[in-house]
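Asker: Next comes target08.tsv, TSV, C-alpha atoms:
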```
chain	number	residue	atom	x	y	z
A	1	MET	CA	5.32	20.35	29.29
A	2	GLU	CA	4.85	19.41	25.66
A	3	PRO	CA	1.60	17.50	25.13
A	4	SER	CA	2.40	14.02	23.85
A	5	LEU	CA	0.68	12.87	20.67
A	6	PRO	CA	-2.13	10.58	21.75
A	7	GLU	CA	-1.13	7.56	19.68
A	8	PRO	CA	-1.29	4.25	21.56
A	9	GLU	CA	1.79	2.03	21.18
A	10	PRO	CA	0.24	-0.81	19.09
A	11	LEU	CA	-1.08	1.80	16.62
A	12	ARG	CA	2.29	3.56	16.42
A	13	ALA	CA	4.01	0.20	15.86
A	14	LEU	CA	1.52	-0.76	13.13
A	15	VAL	CA	1.96	2.55	11.28
A	16	GLN	CA	5.73	2.12	11.50
A	17	ALA	CA	5.57	-1.50	10.28
A	18	LEU	CA	3.36	-0.60	7.31
A	19	ARG	CA	6.13	1.67	6.04
A	20	CYS	CA	8.14	-1.40	5.00
A	21	LEU	CA	5.73	-1.67	2.05
A	22	PRO	CA	7.16	-0.16	-1.13
A	23	SER	CA	6.21	3.49	-1.75
A	24	VAL	CA	4.14	3.78	1.44
A	25	GLY	CA	4.96	6.95	3.39
A	26	ILE	CA	3.81	8.01	6.85
A	27	ARG	CA	0.45	9.39	5.70
A	28	SER	CA	-0.45	6.36	3.59
A	29	ALA	CA	0.63	4.10	6.45
A	30	ARG	CA	-1.69	5.99	8.86
A	31	ARG	CA	-4.57	5.81	6.40
A	32	MET	CA	-4.02	2.06	5.97
A	33	ALA	CA	-3.84	1.48	9.73
A	34	TYR	CA	-7.05	3.43	10.44
A	35	HIS	CA	-8.84	1.68	7.60
A	36	LEU	CA	-7.87	-1.78	8.78
A	37	LEU	CA	-8.65	-1.14	12.45
A	38	GLN	CA	-11.93	0.66	11.79
A	39	HIS	CA	-13.36	-1.23	8.85
A	40	ASP	CA	-11.53	-4.52	8.37
A	41	PRO	CA	-9.99	-6.04	11.55
A	42	GLN	CA	-10.68	-9.50	10.10
A	43	GLY	CA	-8.68	-8.60	6.98
A	44	ALA	CA	-5.89	-7.24	9.17
A	45	ARG	CA	-5.73	-10.48	11.11
A	46	GLN	CA	-5.64	-12.51	7.90
A	47	LEU	CA	-2.92	-10.29	6.46
A	48	GLY	CA	-0.89	-10.80	9.63
A	49	LEU	CA	-1.17	-14.58	9.34
A	50	ALA	CA	-0.48	-14.55	5.59
A	51	LEU	CA	2.70	-12.53	6.12
A	52	GLU	CA	4.01	-14.90	8.76
A	53	SER	CA	3.08	-17.97	6.74
A	54	ALA	CA	4.66	-16.63	3.55
A	55	VAL	CA	7.92	-15.69	5.27
A	56	ALA	CA	8.04	-19.02	7.09
A	57	HIS	CA	7.13	-21.32	4.20
A	58	LEU	CA	8.43	-19.75	1.01
A	59	GLN	CA	11.94	-20.26	-0.29
A	60	HIS	CA	13.63	-19.85	-3.64
A	61	CYS	CA	13.33	-22.83	-5.98
A	62	GLU	CA	16.85	-24.22	-6.39
A	63	ARG	CA	16.48	-24.48	-10.16
A	64	CYS	CA	14.42	-21.47	-11.28
A	65	ASN	CA	14.91	-19.09	-8.30
A	66	SER	CA	11.17	-18.31	-8.11
A	67	PHE	CA	9.26	-18.53	-4.84
A	68	SER	CA	8.37	-22.07	-3.86
A	69	GLU	CA	7.13	-24.01	-0.87
A	70	THR	CA	9.44	-26.88	-1.74
A	71	ARG	CA	13.12	-27.23	-2.72
A	72	LEU	CA	12.05	-27.46	-6.36
A	73	CYS	CA	8.92	-25.70	-7.59
A	74	ALA	CA	6.02	-27.44	-9.34
A	75	THR	CA	6.98	-26.00	-12.73
A	76	CYS	CA	10.57	-27.25	-12.55
A	77	GLU	CA	9.38	-30.69	-11.43
A	78	ASN	CA	6.81	-31.01	-14.22
A	79	PRO	CA	8.07	-33.75	-16.60
A	80	GLU	CA	5.85	-32.44	-19.42
A	81	ARG	CA	7.89	-29.25	-19.65
A	82	ASN	CA	10.47	-28.92	-22.43
A	83	ALA	CA	13.73	-28.81	-20.45
A	84	ALA	CA	15.69	-27.70	-23.52
A	85	LEU	CA	14.16	-24.21	-23.36
A	86	LEU	CA	15.00	-21.78	-20.54
A	87	CYS	CA	13.11	-18.49	-20.37
A	88	VAL	CA	14.66	-15.72	-18.24
A	89	VAL	CA	12.19	-13.24	-16.65
A	90	GLU	CA	12.55	-10.44	-14.11
A	91	THR	CA	9.75	-11.39	-11.68
A	92	PRO	CA	7.25	-14.15	-10.88
A	93	ALA	CA	4.55	-11.76	-12.20
A	94	ASP	CA	6.22	-11.84	-15.63
A	95	GLN	CA	6.38	-15.62	-15.43
A	96	ASN	CA	2.64	-15.67	-14.64
A	97	MET	CA	1.89	-13.56	-17.70
A	98	ILE	CA	3.85	-15.89	-19.97
A	99	GLU	CA	2.12	-18.92	-18.46
A	100	ALA	CA	-1.27	-17.26	-18.98
A	101	SER	CA	-0.44	-16.79	-22.68
A	102	HIS	CA	-0.31	-20.61	-23.11
A	103	GLY	CA	2.42	-20.05	-25.70
A	104	TYR	CA	5.41	-21.51	-23.88
A	105	HIS	CA	6.06	-24.95	-22.47
A	106	GLY	CA	9.73	-24.75	-21.49
A	107	LEU	CA	11.23	-23.92	-18.11
A	108	TYR	CA	12.02	-20.59	-16.42
A	109	TYR	CA	14.69	-18.74	-14.55
A	110	VAL	CA	13.44	-15.82	-12.44
A	111	LEU	CA	16.04	-13.10	-11.83
A	112	MET	CA	14.01	-11.46	-9.01
A	113	GLY	CA	15.09	-8.06	-10.31
A	114	ARG	CA	16.99	-6.37	-13.10
A	115	LEU	CA	20.34	-4.64	-13.44
A	116	ALA	CA	20.04	-1.17	-11.90
A	117	PRO	CA	23.51	0.21	-11.21
A	118	LEU	CA	22.10	3.41	-9.72
A	119	GLU	CA	20.30	1.35	-7.07
A	120	GLY	CA	23.36	-0.81	-6.48
A	121	VAL	CA	21.88	-3.84	-8.25
A	122	GLY	CA	24.63	-5.51	-10.30
A	123	PRO	CA	25.34	-9.01	-11.64
A	124	GLU	CA	26.44	-10.14	-8.18
A	125	GLN	CA	23.25	-8.99	-6.43
A	126	LEU	CA	21.20	-10.87	-9.04
A	127	GLN	CA	23.46	-13.93	-8.72
A	128	PHE	CA	24.05	-14.27	-12.48
A	129	SER	CA	26.48	-17.11	-11.68
A	130	ARG	CA	23.48	-19.22	-10.57
A	131	LEU	CA	21.74	-18.56	-13.89
A	132	LEU	CA	24.92	-19.52	-15.74
A	133	GLN	CA	25.18	-22.76	-13.81
A	134	ARG	CA	21.49	-23.47	-14.51
A	135	ALA	CA	21.85	-22.75	-18.26
A	136	GLU	CA	24.93	-24.96	-18.54
A	137	ASP	CA	23.20	-28.13	-17.30
A	138	GLY	CA	23.79	-29.79	-20.65
A	139	VAL	CA	20.05	-30.05	-21.39
A	140	VAL	CA	19.25	-26.42	-22.16
A	141	THR	CA	19.78	-25.65	-25.85
A	142	GLU	CA	18.23	-22.18	-25.99
A	143	VAL	CA	17.99	-19.36	-23.46
A	144	ILE	CA	15.08	-17.01	-24.20
A	145	LEU	CA	15.52	-13.56	-22.67
A	146	ALA	CA	12.11	-12.16	-21.64
A	147	THR	CA	13.14	-9.23	-19.46
A	148	ASN	CA	11.04	-6.07	-19.83
A	149	PHE	CA	11.47	-3.67	-22.73
A	150	THR	CA	12.42	-0.86	-20.36
A	151	ALA	CA	15.87	0.71	-20.28
A	152	GLU	CA	16.87	-1.49	-17.33
A	153	GLY	CA	15.31	-4.64	-18.76
A	154	GLU	CA	17.10	-4.07	-22.08
A	155	THR	CA	20.43	-3.50	-20.32
A	156	THR	CA	19.92	-6.73	-18.42
A	157	ALA	CA	19.10	-8.62	-21.64
A	158	HIS	CA	22.20	-7.28	-23.41
A	159	TYR	CA	24.43	-8.16	-20.48
A	160	LEU	CA	22.98	-11.66	-20.19
A	161	ALA	CA	23.18	-12.25	-23.96
A	162	ASP	CA	26.90	-11.40	-23.94
A	163	MET	CA	27.56	-13.52	-20.87
A	164	LEU	CA	25.66	-16.57	-22.15
A	165	ARG	CA	26.95	-16.40	-25.74
A	166	THR	CA	30.60	-16.42	-24.62
A	167	ARG	CA	29.77	-19.75	-22.95
A	168	GLY	CA	28.58	-21.09	-26.29
A	169	LEU	CA	24.87	-21.01	-25.40
A	170	SER	CA	22.21	-20.16	-27.97
A	171	VAL	CA	20.41	-16.97	-26.87
A	172	THR	CA	17.20	-15.39	-28.21
A	173	ARG	CA	15.13	-12.36	-27.20
A	174	ILE	CA	11.32	-12.33	-27.30
A	175	ALA	CA	9.97	-10.29	-30.22
A	176	ARG	CA	9.28	-6.60	-29.98
A	177	GLY	CA	6.54	-5.30	-32.27
A	178	VAL	CA	2.97	-4.12	-32.70
A	179	PRO	CA	0.75	-5.51	-29.91
A	180	SER	CA	-1.74	-8.15	-30.99
A	181	GLY	CA	-5.19	-6.72	-31.78
A	182	SER	CA	-4.01	-3.11	-32.03
A	183	GLU	CA	-4.47	-0.62	-34.86
A	184	LEU	CA	-1.33	1.02	-36.23
A	185	GLU	CA	-2.93	4.44	-35.88
A	186	TYR	CA	-2.91	4.11	-32.09
A	187	VAL	CA	0.52	2.48	-31.64
A	188	ASP	CA	3.43	4.71	-30.59
A	189	ALA	CA	6.05	5.60	-33.20
A	190	GLY	CA	8.90	3.83	-31.39
A	191	THR	CA	7.04	0.52	-31.48
A	192	ILE	CA	6.26	0.92	-35.18
A	193	ALA	CA	9.92	1.70	-35.92
A	194	TRP	CA	11.00	-1.49	-34.13
A	195	ALA	CA	8.31	-3.58	-35.80
A	196	MET	CA	9.54	-2.32	-39.19
A	197	LEU	CA	13.19	-2.94	-38.35
A	198	GLU	CA	12.51	-6.46	-37.08
A	199	ARG	CA	10.10	-7.45	-39.85
A	200	ARG	CA	10.11	-11.10	-40.88
A	201	PRO	CA	9.18	-13.05	-44.01
A	202	GLY	CA	5.35	-13.07	-44.15
B	1	MET	CA	-4.50	-29.65	-19.97
B	2	GLU	CA	-4.30	-26.00	-19.07
B	3	PRO	CA	-0.94	-25.18	-17.46
B	4	SER	CA	-1.53	-24.00	-13.89
B	5	LEU	CA	-0.06	-20.67	-12.87
B	6	PRO	CA	3.03	-21.48	-10.81
B	7	GLU	CA	2.10	-19.46	-7.70
B	8	PRO	CA	2.67	-21.33	-4.43
B	9	GLU	CA	-0.24	-21.18	-1.98
B	10	PRO	CA	1.37	-18.98	0.76
B	11	LEU	CA	2.28	-16.42	-1.94
B	12	ARG	CA	-1.22	-16.48	-3.42
B	13	ALA	CA	-2.69	-16.05	0.07
B	14	LEU	CA	-0.36	-13.14	0.85
B	15	VAL	CA	-1.21	-11.33	-2.41
B	16	GLN	CA	-4.90	-11.84	-1.68
B	17	ALA	CA	-4.55	-10.61	1.93
B	18	LEU	CA	-2.66	-7.47	0.87
B	19	ARG	CA	-5.68	-6.43	-1.16
B	20	CYS	CA	-7.52	-5.56	2.06
B	21	LEU	CA	-5.35	-2.44	2.16
B	22	PRO	CA	-7.13	0.64	0.78
B	23	SER	CA	-6.52	1.31	-2.92
B	24	VAL	CA	-4.23	-1.70	-3.40
B	25	GLY	CA	-5.15	-3.71	-6.51
B	26	ILE	CA	-3.84	-7.05	-7.66
B	27	ARG	CA	-0.69	-5.66	-9.32
B	28	SER	CA	0.29	-3.48	-6.35
B	29	ALA	CA	-0.38	-6.42	-4.03
B	30	ARG	CA	1.95	-8.63	-6.11
B	31	ARG	CA	4.64	-5.96	-6.15
B	32	MET	CA	4.35	-5.56	-2.36
B	33	ALA	CA	4.51	-9.33	-1.79
B	34	TYR	CA	7.60	-9.80	-4.00
B	35	HIS	CA	9.32	-6.82	-2.39
B	36	LEU	CA	8.72	-8.08	1.15
B	37	LEU	CA	9.73	-11.68	0.41
B	38	GLN	CA	12.76	-10.75	-1.64
B	39	HIS	CA	14.13	-7.72	0.15
B	40	ASP	CA	12.53	-7.37	3.57
B	41	PRO	CA	11.37	-10.65	5.19
B	42	GLN	CA	12.21	-9.16	8.59
B	43	GLY	CA	9.91	-6.20	7.88
B	44	ALA	CA	7.19	-8.61	6.73
B	45	ARG	CA	7.45	-10.56	9.97
B	46	GLN	CA	7.27	-7.36	12.02
B	47	LEU	CA	4.27	-6.15	10.04
B	48	GLY	CA	2.55	-9.47	10.69
B	49	LEU	CA	3.11	-9.16	14.44
B	50	ALA	CA	2.13	-5.48	14.49
B	51	LEU	CA	-1.15	-6.25	12.72
B	52	GLU	CA	-2.05	-8.98	15.17
B	53	SER	CA	-1.05	-6.92	18.18
B	54	ALA	CA	-2.98	-3.86	16.99
B	55	VAL	CA	-6.16	-5.82	16.29
B	56	ALA	CA	-5.87	-7.65	19.60
B	57	HIS	CA	-5.02	-4.70	21.85
B	58	LEU	CA	-6.69	-1.62	20.38
B	59	GLN	CA	-10.25	-0.62	21.17
B	60	HIS	CA	-12.22	2.59	20.91
B	61	CYS	CA	-11.88	4.96	23.86
B	62	GLU	CA	-15.31	5.07	25.51
B	63	ARG	CA	-15.23	8.85	25.77
B	64	CYS	CA	-13.52	10.13	22.59
B	65	ASN	CA	-13.94	7.12	20.26
B	66	SER	CA	-10.26	7.25	19.21
B	67	PHE	CA	-8.07	4.13	19.26
B	68	SER	CA	-6.86	3.25	22.73
B	69	GLU	CA	-5.22	0.36	24.55
B	70	THR	CA	-7.38	1.05	27.58
B	71	ARG	CA	-11.07	1.72	28.22
B	72	LEU	CA	-10.30	5.45	28.37
B	73	CYS	CA	-7.41	6.92	26.39
B	74	ALA	CA	-4.54	8.91	27.89
B	75	THR	CA	-5.88	12.21	26.54
B	76	CYS	CA	-9.34	11.73	28.05
B	77	GLU	CA	-7.80	10.71	31.38
B	78	ASN	CA	-5.45	13.70	31.51
B	79	PRO	CA	-6.70	16.00	34.35
B	80	GLU	CA	-4.82	18.97	32.88
B	81	ARG	CA	-7.10	19.03	29.86
B	82	ASN	CA	-9.92	21.59	29.75
B	83	ALA	CA	-13.01	19.36	29.89
B	84	ALA	CA	-15.30	22.24	28.94
B	85	LEU	CA	-14.03	22.19	25.35
B	86	LEU	CA	-14.82	19.30	22.99
B	87	CYS	CA	-13.19	19.30	19.56
B	88	VAL	CA	-14.78	17.03	16.90
B	89	VAL	CA	-12.39	15.65	14.25
B	90	GLU	CA	-12.74	13.07	11.48
B	91	THR	CA	-9.70	10.89	12.18
B	92	PRO	CA	-6.93	10.31	14.75
B	93	ALA	CA	-4.56	11.84	12.16
B	94	ASP	CA	-6.48	15.12	12.37
B	95	GLN	CA	-6.32	14.92	16.15
B	96	ASN	CA	-2.54	14.44	15.91
B	97	MET	CA	-2.22	17.54	13.75
B	98	ILE	CA	-4.18	19.65	16.25
B	99	GLU	CA	-2.07	18.29	19.11
B	100	ALA	CA	1.11	19.08	17.20
B	101	SER	CA	-0.05	22.70	16.80
B	102	HIS	CA	0.07	23.11	20.62
B	103	GLY	CA	-2.90	25.46	20.26
B	104	TYR	CA	-5.60	23.41	21.97
B	105	HIS	CA	-5.87	21.97	25.45
B	106	GLY	CA	-9.44	20.71	25.53
B	107	LEU	CA	-10.73	17.20	24.82
B	108	TYR	CA	-11.63	15.45	21.55
B	109	TYR	CA	-14.27	13.37	19.92
B	110	VAL	CA	-13.07	11.37	16.90
B	111	LEU	CA	-15.82	10.54	14.39
B	112	MET	CA	-13.70	7.90	12.58
B	113	GLY	CA	-15.13	9.08	9.29
B	114	ARG	CA	-17.40	11.70	7.75
B	115	LEU	CA	-20.88	11.76	6.28
B	116	ALA	CA	-20.71	10.24	2.81
B	117	PRO	CA	-24.23	9.25	1.69
B	118	LEU	CA	-22.95	7.87	-1.61
B	119	GLU	CA	-20.77	5.40	0.30
B	120	GLY	CA	-23.60	4.56	2.69
B	121	VAL	CA	-22.04	6.46	5.60
B	122	GLY	CA	-24.81	8.28	7.47
B	123	PRO	CA	-25.36	9.57	11.04
B	124	GLU	CA	-26.06	6.04	12.24
B	125	GLN	CA	-22.85	4.54	10.83
B	126	LEU	CA	-20.88	7.32	12.55
B	127	GLN	CA	-22.87	6.83	15.78
B	128	PHE	CA	-23.74	10.51	16.18
B	129	SER	CA	-25.87	9.53	19.19
B	130	ARG	CA	-22.64	8.67	21.05
B	131	LEU	CA	-21.23	12.12	20.28
B	132	LEU	CA	-24.48	13.71	21.47
B	133	GLN	CA	-24.32	11.77	24.71
B	134	ARG	CA	-20.66	12.77	25.13
B	135	ALA	CA	-21.37	16.46	24.46
B	136	GLU	CA	-24.28	16.50	26.92
B	137	ASP	CA	-22.22	15.42	29.93
B	138	GLY	CA	-22.95	18.74	31.65
B	139	VAL	CA	-19.29	19.77	31.64
B	140	VAL	CA	-18.82	20.59	27.95
B	141	THR	CA	-19.71	24.22	27.23
B	142	GLU	CA	-18.46	24.48	23.65
B	143	VAL	CA	-18.24	21.96	20.82
B	144	ILE	CA	-15.59	22.94	18.24
B	145	LEU	CA	-16.15	21.38	14.83
B	146	ALA	CA	-12.79	20.62	13.18
B	147	THR	CA	-13.88	18.36	10.32
B	148	ASN	CA	-12.07	18.88	7.03
B	149	PHE	CA	-12.92	21.73	4.68
B	150	THR	CA	-13.87	19.30	1.93
B	151	ALA	CA	-17.43	18.91	0.63
B	152	GLU	CA	-18.00	15.90	2.89
B	153	GLY	CA	-16.31	17.46	5.91
B	154	GLU	CA	-18.41	20.60	5.50
B	155	THR	CA	-21.61	18.59	5.18
B	156	THR	CA	-20.70	16.74	8.35
B	157	ALA	CA	-20.00	20.01	10.19
B	158	HIS	CA	-23.34	21.52	9.09
B	159	TYR	CA	-25.25	18.43	10.15
B	160	LEU	CA	-23.51	18.28	13.51
B	161	ALA	CA	-23.96	22.01	14.13
B	162	ASP	CA	-27.72	21.68	13.58
B	163	MET	CA	-27.95	18.58	15.73
B	164	LEU	CA	-25.95	20.01	18.62
B	165	ARG	CA	-27.55	23.48	18.57
B	166	THR	CA	-31.07	22.06	18.85
B	167	ARG	CA	-29.86	20.48	22.11
B	168	GLY	CA	-28.85	23.92	23.35
B	169	LEU	CA	-25.10	23.33	23.00
B	170	SER	CA	-22.73	26.11	21.96
B	171	VAL	CA	-21.10	25.15	18.64
B	172	THR	CA	-18.16	26.75	16.80
B	173	ARG	CA	-16.24	25.89	13.62
B	174	ILE	CA	-12.46	26.32	13.29
B	175	ALA	CA	-11.54	29.33	11.16
B	176	ARG	CA	-11.13	29.12	7.43
B	177	GLY	CA	-8.71	31.64	5.91
B	178	VAL	CA	-5.29	32.36	4.47
B	179	PRO	CA	-2.73	29.76	5.68
B	180	SER	CA	-0.14	31.07	8.11
B	181	GLY	CA	3.09	32.14	6.40
B	182	SER	CA	1.61	32.27	2.92
B	183	GLU	CA	1.63	35.13	0.41
B	184	LEU	CA	-1.74	36.22	-0.98
B	185	GLU	CA	-0.40	35.99	-4.54
B	186	TYR	CA	-0.08	32.22	-4.19
B	187	VAL	CA	-3.31	31.50	-2.31
B	188	ASP	CA	-6.29	30.19	-4.30
B	189	ALA	CA	-9.18	32.56	-4.96
B	190	GLY	CA	-11.73	30.53	-2.98
B	191	THR	CA	-9.61	30.77	0.18
B	192	ILE	CA	-9.18	34.54	-0.29
B	193	ALA	CA	-12.93	34.95	-0.77
B	194	TRP	CA	-13.60	33.09	2.49
B	195	ALA	CA	-10.90	35.00	4.37
B	196	MET	CA	-12.52	38.23	3.22
B	197	LEU	CA	-16.03	37.11	4.12
B	198	GLU	CA	-14.97	35.89	7.56
B	199	ARG	CA	-12.72	38.86	8.38
B	200	ARG	CA	-12.54	39.90	12.02
B	201	PRO	CA	-11.72	43.11	13.91
B	202	GLY	CA	-7.93	43.59	13.64
```
Can you dump the structure from the file as structure tokens?
Answerer:
Amino acid sequence: MEPSLPEPEPLRALVQALRCLPSVGIRSARRMAYHLLQHDPQGARQLGLALESAVAHLQHCERCNSFSETRLCATCENPERNAALLCVVETPADQNMIEASHGYHGLYYVLMGRLAPLEGVGPEQLQFSRLLQRAEDGVVTEVILATNFTAEGETTAHYLADMLRTRGLSVTRIARGVPSGSELEYVDAGTIAWAMLERRPG
Amino acid sequence: MEPSLPEPEPLRALVQALRCLPSVGIRSARRMAYHLLQHDPQGARQLGLALESAVAHLQHCERCNSFSETRLCATCENPERNAALLCVVETPADQNMIEASHGYHGLYYVLMGRLAPLEGVGPEQLQFSRLLQRAEDGVVTEVILATNFTAEGETTAHYLADMLRTRGLSVTRIARGVPSGSELEYVDAGTIAWAMLERRPG
């Protein structure tokens, strides 16, 4: 008789469940499970409750598509925001970064992803029609594309720019250039080339 | 007025709770939270339940210290096991690997860690007194040290060997040598040196 691996069922189930986390394989999942059970059962319990609460209480804001506890998120409901500006970002994390910069007071639309044909993520998966409907509310005068400057983020920006411009919307892209506070000597050549190409009157 | 970051409370709580996982920082935690909420809410719910169930139902086996649903684990209760042999491992994962090798039919003691003075993990934290008590049950005739061949695993093995031998127990260490199926050309020099030093009659 083959000796069975001595893993009790709740442990096996936990290791299996941890694998739903992105880029967590079987060994990482085991390490996480042992760590939680041995050193942080309180943290494990809190994580369990936080997961259930988040899944139960979060929805997508009907206007900006970001996560929200209510039908409309606090940002979209804020009357002090400039409703004529709509900034398109890939994720809530990107939105957070823009908020933290204190340099923008318009509204947002969160794509919750980017075009990635190889992963099967196209305009339909990202529900571009919802963005179009949002941008055509009659109040928005400028759509600012703030997707990442990666290959996929750039593709997404180009696609969206074409789509929005054919509807007569004014579209801009956030500036690419030398990062604030950096010395040219330590900036990569591609960034310098773009900063030169997109130079503006000083 | 400073604009508040537009993160709803259940999302903030989830990101915070995910940081209890080993080597997960704030950015990884955010990525995990967005992934679960956007693409795998079912997986998130299951993970939540699995965490609660594991914390509620798992305890340490009184004999081998591994995780168990019952006071004594299935391995320790198995009468077909050779109770004269006690194999000491660092983690349940190591125990699984030894089980999967089908080369051992004795019992185990799982340390749930290894000596790491810099992290504050000493003989007391690992409850070496429990191992001593277990090894001195009058039935065990040989303690096999199967801690890892890392600096910390080796330190642990040396410490345990000293401790157990002074109590008159017979102690062995699993063999270090050339991995099965490997060609000498591709084995590192340290392993070859050890295999040479610990050669045995052919």
Asker: Residues of chain A were defined as contacting chain B if any atom lay at most 8 Å from it, counting only C-alpha atoms; please report them as an MDAnalysis selection string.
Answerer: chainID A and resid 2:11 13:14 17:18 20:22 30 32 35:38 40:41 43:55 57:58 67:69 73:75 93 96 99:100 102 112
Asker: What is the CA of Asn148 (chain B)-CA of Leu107 (chain B) distance in Å, reported with one decimal?
Answerer: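 Value for the CA of Asn148 (chain B)-CA of Leu107 (chain B) distance: 17.9 Å.
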Asker: Residues within 10 Å of Val171 (chain B), please, as a ChimeraX atom specification. Count only C-alpha atoms; anything in the same chain fewer than 2 positions from it doesn't count.
Answerer: /B:86-87,141-145,157,160-165,168-169,173
Asker: Could you check how far CA of Glu119 (chain A) sits from CA of Ala151 (chain A), in Å to one decimal?
Answerer: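 Taking CA of Glu119 (chain A) and CA of Ala151 (chain A), their separation equals 13.9 Å.
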Asker: Provide the CA of Ala193 (chain A) to CA of Asp94 (chain A) distance in Å, to one decimal place.
Answerer: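 Spanning CA of Ala193 (chain A) to CA of Asp94 (chain A) is a straight-line distance of 24.7 Å.
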Asker: Residues at most 12 Å from Arg200 (chain B), counting only C-alpha atoms, excluding those fewer than 2 positions away in the same chain, as a PyMOL selection string?
Answerer: chain B and resi 175-177+194-198+202
Asker: What does the file look like for those residues with C-alpha atoms, as a tab-separated table (two decimals), keeping the file's coordinate frame?
Answerer:
```tsv
chain	number	residue	atom	x	y	z
B	175	ALA	CA	-11.54	29.33	11.16
B	176	ARG	CA	-11.13	29.12	7.43
B	177	GLY	CA	-8.71	31.64	5.91
B	194	TRP	CA	-13.60	33.09	2.49
B	195	ALA	CA	-10.90	35.00	4.37
B	196	MET	CA	-12.52	38.23	3.22
B	197	LEU	CA	-16.03	37.11	4.12
B	198	GLU	CA	-14.97	35.89	7.56
B	202	GLY	CA	-7.93	43.59	13.64
```
Asker: Ranking B:Ala189, B:Val88, B:Leu72, B:Val24 by minimum distance to Ala135 (chain B) and counting all atoms listed in the file, which one comes first?
Answerer: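 Nearest to Ala135 (chain B): B:Val88.
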Asker: If the box runs along x, y and z of the file and leaves 3 Å on each side of region 177-182 of chain A, what are its centre and edge lengths in Å, one decimal, as AutoDock Vina command-line options?
Answerer:
```
--center_x 0.7 --center_y -5.6 --center_z -31.3 --size_x 17.7 --size_y 11.0 --size_z 8.8
```
